[in-house]
Each structure stands twice: as structure tokens, then as C-alpha cells.
Amino acid sequence: MNRIIEVKNLSFSYGKRTVLKDISFSIERGTATAIIGDNGSGKSTLLALIAKIIRGNGDITVNGTIAYLPQEIALVEELTFFDNLKYFASLARCKVPASLPFDADRLRKTKVKDMSGGMKKLCSICCTLIADADIYLFDEPCASLDKEHRDMLIAYIKELVKAGKTVVYVGHDADEYNDFATAMILIKDGAIEVGGI
């Protein structure tokens, strides 16, 4: 087996509320896993733990580079989209591509503060995809997107999976991930169930 993510005995609490309780699982390279569960079940927390944005108790081993799209918009509001792209490209040590997916080129000179919620989400996605990573962590990427751009994003994710990238996807709507996810992690009451889709 070629495990790219391995989680062992992971727990996490917010104050006195335990969100994840001694969970263990692994994800194989080149697969797509959907993380599902009720609101507040710990899906976003688990993704942030894998991305090492926050730390819990237990062991997380990641054998590859990560591109992480958080649920929140992580752009500098006062800068243009292009300046945000340059910033994230510098972090990823890569160049800003000549053309962008999702018809986002038209937004290059627009300041983030002047964008709608859907535009901000598209720009966040482009900033995440700017690097050629081994693992892509998507936390509810379709939130705020219209159907056209949602379909474009899902098609893009399918291409990532076909190219052998590893995708971990948090979403509420099965229609978003049913076409590309091959495994599922269900979080309920701090525990998990792992299975196929």
C-alpha cells in the first residue's frame, strides 16, 4: 500500500468539548476521499489538523506537499486578486500562471473587498490551485458558487484525481463528490466510520 496520509489515535478538543476522539485512518496516494458529517461534527477541524494549521493529540503523517482551501476566505481584502495570486505563488515558490481556471482572469485587477462572495471563493480556489501539490484539501469549496462554477470546479477536481493527485473533500451535498470520491470518512459523535462510496 502507498499511504500518503496516516492518522493514528488523534483527538482534539475546543475547551471542554471534545470534537474528535482517538480516531485512526489512512488515505492512499492518488485517491479521493469525502469527509461527511453533521454541522459541528469536526470535518473542518480534521482538515485543518491534516494541514497542520492546528495541532491535536495523536500522530498525523503526511508524505507529500499540501494545498489547502479553508472554509473561510483567506485573501487580503485590500489587495487585488492578482496581488493575492503573487503572494500565494511566492509561498508555493511557483509562478502565477498565464491563464486561470474558472474564467477568473477577468478578476485579476479587482480588489478583493469589491468582490461578491462567489468571486472571493473562486479567487481563493485559484490561489489554492496555483501550486502543483501532491494533496489537495478542499473544505466546502462549492459554498457561495453558482451552478456553472460549481460544475467547473467539480470537473477540475476530477482531472486532479485522474492525474494521480490525492483529494480530501469536505462537503454537504453528495452530488458534489459522488462522481470522483472513492472513499468516505463519516464523523459522528467524535468517532469515524471509513468506507467506500
# chains A, B, ... in the order shown; residues from 1 in each chain; ligands from 1

$ residues_around --residues "region 143-158 of chain A" --least-positions-apart "5" --cutoff "7 Å" --atoms "only C-alpha atoms" --output "ChimeraX atom specification"
/A:102,117-118,121,176,180

$ residues_around --residues "Pro141 (chain A)" --least-positions-apart "5" --cutoff "9 Å" --atoms "only C-alpha atoms" --output "ChimeraX atom specification"
/A:69-71,121-122,125,150,153,169-171

$ write_last_selection --atoms "all heavy atoms" --output "PDB file, in the first residue's frame"
ATOM      1  N   LEU A  69      -7.489  24.515   0.938  1.00  0.00           N
ATOM      2  CA  LEU A  69      -8.518  25.537   0.790  1.00  0.00           C
ATOM      3  C   LEU A  69      -9.393  25.521   2.038  1.00  0.00           C
ATOM      4  O   LEU A  69     -10.210  24.613   2.218  1.00  0.00           O
ATOM      5  CB  LEU A  69      -9.388  25.269  -0.442  1.00  0.00           C
ATOM      6  CG  LEU A  69     -10.553  26.239  -0.630  1.00  0.00           C
ATOM      7  CD1 LEU A  69     -10.046  27.614  -1.043  1.00  0.00           C
ATOM      8  CD2 LEU A  69     -11.564  25.706  -1.633  1.00  0.00           C
ATOM      9  N   PRO A  70      -9.252  26.513   2.921  1.00  0.00           N
ATOM     10  CA  PRO A  70     -10.089  26.545   4.119  1.00  0.00           C
ATOM     11  C   PRO A  70     -11.509  26.970   3.780  1.00  0.00           C
ATOM     12  O   PRO A  70     -11.782  27.490   2.693  1.00  0.00           O
ATOM     13  CB  PRO A  70      -9.388  27.584   5.008  1.00  0.00           C
ATOM     14  CG  PRO A  70      -8.708  28.492   4.038  1.00  0.00           C
ATOM     15  CD  PRO A  70      -8.302  27.632   2.868  1.00  0.00           C
ATOM     16  N   GLN A  71     -12.412  26.763   4.714  1.00  0.00           N
ATOM     17  CA  GLN A  71     -13.799  27.172   4.509  1.00  0.00           C
ATOM     18  C   GLN A  71     -13.914  28.689   4.465  1.00  0.00           C
ATOM     19  O   GLN A  71     -14.699  29.244   3.700  1.00  0.00           O
ATOM     20  CB  GLN A  71     -14.657  26.609   5.642  1.00  0.00           C
ATOM     21  CG  GLN A  71     -16.139  26.744   5.425  1.00  0.00           C
ATOM     22  CD  GLN A  71     -16.935  26.038   6.503  1.00  0.00           C
ATOM     23  OE1 GLN A  71     -16.413  25.664   7.555  1.00  0.00           O
ATOM     24  NE2 GLN A  71     -18.214  25.849   6.260  1.00  0.00           N
ATOM     25  N   LYS A 121     -14.663  33.347  -3.380  1.00  0.00           N
ATOM     26  CA  LYS A 121     -14.444  31.902  -3.301  1.00  0.00           C
ATOM     27  C   LYS A 121     -13.651  31.409  -4.504  1.00  0.00           C
ATOM     28  O   LYS A 121     -12.712  30.617  -4.371  1.00  0.00           O
ATOM     29  CB  LYS A 121     -15.780  31.182  -3.207  1.00  0.00           C
ATOM     30  CG  LYS A 121     -15.679  29.673  -3.189  1.00  0.00           C
ATOM     31  CD  LYS A 121     -14.962  29.163  -1.943  1.00  0.00           C
ATOM     32  CE  LYS A 121     -15.877  29.192  -0.744  1.00  0.00           C
ATOM     33  NZ  LYS A 121     -15.381  28.428   0.398  1.00  0.00           N
ATOM     34  N   LEU A 122     -14.001  31.887  -5.718  1.00  0.00           N
ATOM     35  CA  LEU A 122     -13.260  31.500  -6.917  1.00  0.00           C
ATOM     36  C   LEU A 122     -11.790  31.895  -6.808  1.00  0.00           C
ATOM     37  O   LEU A 122     -10.894  31.124  -7.168  1.00  0.00           O
ATOM     38  CB  LEU A 122     -13.872  32.155  -8.152  1.00  0.00           C
ATOM     39  CG  LEU A 122     -15.132  31.540  -8.746  1.00  0.00           C
ATOM     40  CD1 LEU A 122     -15.606  32.367  -9.925  1.00  0.00           C
ATOM     41  CD2 LEU A 122     -14.878  30.100  -9.163  1.00  0.00           C
ATOM     42  N   ILE A 125      -9.963  29.634  -4.466  1.00  0.00           N
ATOM     43  CA  ILE A 125      -9.694  28.343  -5.101  1.00  0.00           C
ATOM     44  C   ILE A 125      -8.492  28.455  -6.038  1.00  0.00           C
ATOM     45  O   ILE A 125      -7.600  27.591  -6.037  1.00  0.00           O
ATOM     46  CB  ILE A 125     -10.937  27.853  -5.862  1.00  0.00           C
ATOM     47  CG1 ILE A 125     -12.054  27.511  -4.866  1.00  0.00           C
ATOM     48  CG2 ILE A 125     -10.598  26.635  -6.719  1.00  0.00           C
ATOM     49  CD1 ILE A 125     -13.406  27.281  -5.514  1.00  0.00           C
ATOM     50  N   ARG A 150     -19.632  25.825  -9.945  1.00  0.00           N
ATOM     51  CA  ARG A 150     -19.551  24.585  -9.180  1.00  0.00           C
ATOM     52  C   ARG A 150     -19.241  23.415 -10.104  1.00  0.00           C
ATOM     53  O   ARG A 150     -18.374  22.590  -9.823  1.00  0.00           O
ATOM     54  CB  ARG A 150     -20.866  24.322  -8.442  1.00  0.00           C
ATOM     55  CG  ARG A 150     -20.775  23.138  -7.480  1.00  0.00           C
ATOM     56  CD  ARG A 150     -22.130  22.742  -6.938  1.00  0.00           C
ATOM     57  NE  ARG A 150     -22.872  21.985  -7.940  1.00  0.00           N
ATOM     58  CZ  ARG A 150     -23.955  21.239  -7.679  1.00  0.00           C
ATOM     59  NH1 ARG A 150     -24.446  21.214  -6.465  1.00  0.00           N
ATOM     60  NH2 ARG A 150     -24.559  20.582  -8.630  1.00  0.00           N
ATOM     61  N   LEU A 153     -15.665  23.546 -11.168  1.00  0.00           N
ATOM     62  CA  LEU A 153     -14.758  23.106 -10.107  1.00  0.00           C
ATOM     63  C   LEU A 153     -14.758  21.593  -9.975  1.00  0.00           C
ATOM     64  O   LEU A 153     -13.686  20.975  -9.868  1.00  0.00           O
ATOM     65  CB  LEU A 153     -15.155  23.746  -8.778  1.00  0.00           C
ATOM     66  CG  LEU A 153     -14.383  23.247  -7.544  1.00  0.00           C
ATOM     67  CD1 LEU A 153     -12.893  23.516  -7.693  1.00  0.00           C
ATOM     68  CD2 LEU A 153     -14.928  23.881  -6.274  1.00  0.00           C
ATOM     69  N   TYR A 169     -11.979  15.891   0.493  1.00  0.00           N
ATOM     70  CA  TYR A 169     -13.042  16.847   0.183  1.00  0.00           C
ATOM     71  C   TYR A 169     -14.096  16.853   1.276  1.00  0.00           C
ATOM     72  O   TYR A 169     -14.703  15.821   1.583  1.00  0.00           O
ATOM     73  CB  TYR A 169     -13.674  16.446  -1.147  1.00  0.00           C
ATOM     74  CG  TYR A 169     -14.680  17.415  -1.717  1.00  0.00           C
ATOM     75  CD1 TYR A 169     -14.316  18.289  -2.733  1.00  0.00           C
ATOM     76  CD2 TYR A 169     -15.994  17.441  -1.259  1.00  0.00           C
ATOM     77  CE1 TYR A 169     -15.240  19.174  -3.277  1.00  0.00           C
ATOM     78  CE2 TYR A 169     -16.910  18.329  -1.795  1.00  0.00           C
ATOM     79  CZ  TYR A 169     -16.530  19.190  -2.802  1.00  0.00           C
ATOM     80  OH  TYR A 169     -17.440  20.064  -3.340  1.00  0.00           O
ATOM     81  N   VAL A 170     -14.322  18.015   1.864  1.00  0.00           N
ATOM     82  CA  VAL A 170     -15.409  18.196   2.833  1.00  0.00           C
ATOM     83  C   VAL A 170     -16.578  18.848   2.111  1.00  0.00           C
ATOM     84  O   VAL A 170     -16.422  19.898   1.478  1.00  0.00           O
ATOM     85  CB  VAL A 170     -14.965  19.078   4.019  1.00  0.00           C
ATOM     86  CG1 VAL A 170     -16.175  19.470   4.870  1.00  0.00           C
ATOM     87  CG2 VAL A 170     -13.941  18.349   4.871  1.00  0.00           C
ATOM     88  N   GLY A 171     -17.746  18.211   2.183  1.00  0.00           N
ATOM     89  CA  GLY A 171     -18.928  18.774   1.541  1.00  0.00           C
ATOM     90  C   GLY A 171     -20.204  18.218   2.145  1.00  0.00           C
ATOM     91  O   GLY A 171     -20.195  17.162   2.780  1.00  0.00           O
TER      92      GLY A 171
END

$ atom_distance --atom1 "CA of Gly40 (chain A)" --atom2 "CA of Val19 (chain A)"
8.2 Å

$ residues_around --residues "Cys126 (chain A)" --least-positions-apart "3" --cutoff "9 Å" --atoms "only C-alpha atoms" --output "ChimeraX atom specification"
/A:85,100-102,104,121-123,129-130

$ atom_distance --atom1 "CA of Asp179 (chain A)" --atom2 "CA of Ser99 (chain A)"
26.3 Å

$ residues_around --residues "Leu107 (chain A)" --least-positions-apart "3" --cutoff "8 Å" --atoms "only C-alpha atoms" --output "list in words"
Phe81, Phe82, Ala104 and Thr110 of chain A

$ residues_around --residues "Asp134 (chain A)" --least-positions-apart "6" --cutoff "10 Å" --atoms "only C-alpha atoms" --output "list of chain:residue names"
A:Ile4, A:Arg29, A:Gly30, A:Asn63, A:Gly64, A:Thr65, A:Ile66, A:Ala67, A:Leu160, A:Gly164, A:Lys165, A:Thr166, A:Val167

$ write_last_selection --atoms "N, CA and C atoms" --output "compact mmCIF listing (two decimals), in the first residue's frame"
# COMPACT_ATOMS: atom_id res chain seq x y z
N ILE A 4 -0.45 8.02 1.77
CA ILE A 4 0.07 9.39 1.70
C ILE A 4 -0.32 10.18 2.95
N ARG A 29 -2.38 7.18 -1.73
CA ARG A 29 -1.98 8.14 -2.76
C ARG A 29 -2.82 7.96 -4.01
N GLY A 30 -3.23 9.08 -4.61
CA GLY A 30 -3.97 9.03 -5.86
C GLY A 30 -5.45 8.71 -5.71
N ASN A 63 2.87 12.30 3.66
CA ASN A 63 4.00 12.01 2.77
C ASN A 63 3.85 12.72 1.43
N GLY A 64 3.83 14.03 1.48
CA GLY A 64 3.70 14.81 0.26
C GLY A 64 3.38 16.26 0.58
N THR A 65 3.36 17.09 -0.46
CA THR A 65 3.04 18.50 -0.29
C THR A 65 1.54 18.72 -0.28
N ILE A 66 1.10 19.76 0.41
CA ILE A 66 -0.33 20.01 0.60
C ILE A 66 -0.72 21.37 0.05
N ALA A 67 -1.87 21.42 -0.63
CA ALA A 67 -2.55 22.67 -0.97
C ALA A 67 -3.88 22.63 -0.22
N LEU A 160 -7.82 16.41 -11.45
CA LEU A 160 -6.76 16.22 -10.45
C LEU A 160 -6.64 14.75 -10.06
N GLY A 164 -3.60 11.58 -10.76
CA GLY A 164 -2.92 10.89 -9.68
C GLY A 164 -2.75 11.69 -8.41
N LYS A 165 -3.41 12.85 -8.35
CA LYS A 165 -3.34 13.65 -7.13
C LYS A 165 -4.26 13.04 -6.06
N THR A 166 -3.98 13.36 -4.82
CA THR A 166 -4.82 12.90 -3.71
C THR A 166 -5.73 14.05 -3.29
N VAL A 167 -7.02 13.77 -3.21
CA VAL A 167 -8.01 14.79 -2.87
C VAL A 167 -8.75 14.37 -1.61

$ residues_around --residues "Tyr68 (chain A)" --least-positions-apart "3" --cutoff "8 Å" --atoms "only C-alpha atoms" --output "PyMOL selection string"
chain A and resi 51+128+136-138

$ write_last_selection --atoms "C-alpha atoms" --output "mmCIF file, in the first residue's frame"
data_model
loop_
_atom_site.group_PDB
_atom_site.id
_atom_site.type_symbol
_atom_site.label_atom_id
_atom_site.label_comp_id
_atom_site.auth_asym_id
_atom_site.auth_seq_id
_atom_site.Cartn_x
_atom_site.Cartn_y
_atom_site.Cartn_z
ATOM 1 C CA ALA A 51 -2.909 20.645 7.010
ATOM 2 C CA THR A 128 -5.016 27.159 -3.671
ATOM 3 C CA TYR A 136 -5.457 18.911 -2.193
ATOM 4 C CA LEU A 137 -7.602 19.573 0.869
ATOM 5 C CA PHE A 138 -10.931 21.215 -0.017
#

$ atom_distance --atom1 "CA of Leu79 (chain A)" --atom2 "CA of Leu91 (chain A)"
16.3 Å

$ select_by_dssp --residues "region 34-177 of chain A" --states "helix (DSSP H, G or I)" --output "PyMOL selection string"
chain A and resi 43-50+81-92+104-107+112-114+117-129+147-162+174-177

$ select_by_dssp --residues "region 6-183 of chain A" --states "strand (DSSP E)" --output "ChimeraX atom specification"
/A:6-14,17-28,32-37,57-62,66-69,135-139,166-170,183

$ write_last_selection --atoms "C-alpha atoms" --output "PDB file, in the first residue's frame"
ATOM      1  CA  GLU A   6      -1.882   8.358   8.065  1.00  0.00           C
ATOM      2  CA  VAL A   7      -3.718   9.388  11.226  1.00  0.00           C
ATOM      3  CA  LYS A   8      -3.229   7.500  14.483  1.00  0.00           C
ATOM      4  CA  ASN A   9      -5.062   7.992  17.787  1.00  0.00           C
ATOM      5  CA  LEU A  10      -5.975  11.592  17.001  1.00  0.00           C
ATOM      6  CA  SER A  11      -8.056  13.610  19.460  1.00  0.00           C
ATOM      7  CA  PHE A  12      -8.976  17.275  19.537  1.00  0.00           C
ATOM      8  CA  SER A  13     -10.992  19.452  21.891  1.00  0.00           C
ATOM      9  CA  TYR A  14     -12.282  23.009  21.902  1.00  0.00           C
ATOM     10  CA  ARG A  17     -15.906  19.987  24.175  1.00  0.00           C
ATOM     11  CA  THR A  18     -14.196  17.013  22.570  1.00  0.00           C
ATOM     12  CA  VAL A  19     -14.654  17.086  18.798  1.00  0.00           C
ATOM     13  CA  LEU A  20     -12.528  14.105  17.720  1.00  0.00           C
ATOM     14  CA  LYS A  21     -11.978  11.084  19.957  1.00  0.00           C
ATOM     15  CA  ASP A  22      -8.974   8.831  19.330  1.00  0.00           C
ATOM     16  CA  ILE A  23      -9.552   8.387  15.592  1.00  0.00           C
ATOM     17  CA  SER A  24      -7.287   6.478  13.226  1.00  0.00           C
ATOM     18  CA  PHE A  25      -7.376   6.068   9.444  1.00  0.00           C
ATOM     19  CA  SER A  26      -5.165   6.207   6.350  1.00  0.00           C
ATOM     20  CA  ILE A  27      -5.568   7.589   2.833  1.00  0.00           C
ATOM     21  CA  GLU A  28      -3.880   6.086  -0.200  1.00  0.00           C
ATOM     22  CA  ALA A  32     -10.286  10.920  -3.438  1.00  0.00           C
ATOM     23  CA  THR A  33     -11.893  10.837  -0.005  1.00  0.00           C
ATOM     24  CA  ALA A  34     -15.067  12.641   1.048  1.00  0.00           C
ATOM     25  CA  ILE A  35     -15.364  13.699   4.691  1.00  0.00           C
ATOM     26  CA  ILE A  36     -19.003  13.979   5.713  1.00  0.00           C
ATOM     27  CA  GLY A  37     -20.987  14.597   8.885  1.00  0.00           C
ATOM     28  CA  ASN A  57      -3.186  14.915  20.408  1.00  0.00           C
ATOM     29  CA  GLY A  58      -2.036  11.967  18.318  1.00  0.00           C
ATOM     30  CA  ASP A  59       0.049  11.363  15.209  1.00  0.00           C
ATOM     31  CA  ILE A  60      -0.503  12.627  11.662  1.00  0.00           C
ATOM     32  CA  THR A  61       1.955  11.592   8.949  1.00  0.00           C
ATOM     33  CA  VAL A  62       1.761  13.305   5.564  1.00  0.00           C
ATOM     34  CA  ILE A  66      -0.328  20.013   0.601  1.00  0.00           C
ATOM     35  CA  ALA A  67      -2.552  22.668  -0.966  1.00  0.00           C
ATOM     36  CA  TYR A  68      -5.298  23.661   1.483  1.00  0.00           C
ATOM     37  CA  LEU A  69      -8.518  25.537   0.790  1.00  0.00           C
ATOM     38  CA  ILE A 135      -2.521  16.533  -1.806  1.00  0.00           C
ATOM     39  CA  TYR A 136      -5.457  18.911  -2.193  1.00  0.00           C
ATOM     40  CA  LEU A 137      -7.602  19.573   0.869  1.00  0.00           C
ATOM     41  CA  PHE A 138     -10.931  21.215  -0.017  1.00  0.00           C
ATOM     42  CA  ASP A 139     -13.190  22.482   2.782  1.00  0.00           C
ATOM     43  CA  THR A 166      -4.817  12.902  -3.715  1.00  0.00           C
ATOM     44  CA  VAL A 167      -8.010  14.789  -2.874  1.00  0.00           C
ATOM     45  CA  VAL A 168      -9.682  15.114   0.517  1.00  0.00           C
ATOM     46  CA  TYR A 169     -13.042  16.847   0.183  1.00  0.00           C
ATOM     47  CA  VAL A 170     -15.409  18.196   2.833  1.00  0.00           C
ATOM     48  CA  ALA A 183     -13.800   6.548  -0.134  1.00  0.00           C
TER      49      ALA A 183
END

$ closest_residue --among "A:Glu193, A:Glu72, A:Asp132, A:Asp173" --to "Ala89 (chain A)" --atoms "only C-alpha atoms"
A:Asp132

$ closest_residue --among "A:Ile5, A:Ala98, A:Ala48, A:Ile73" --to "Ser116 (chain A)" --atoms "only C-alpha atoms"
A:Ile73

$ closest_residue --among "A:Ala133, A:Val112, A:Val161, A:Ala191" --to "Tyr177 (chain A)" --atoms "only C-alpha atoms"
A:Val161
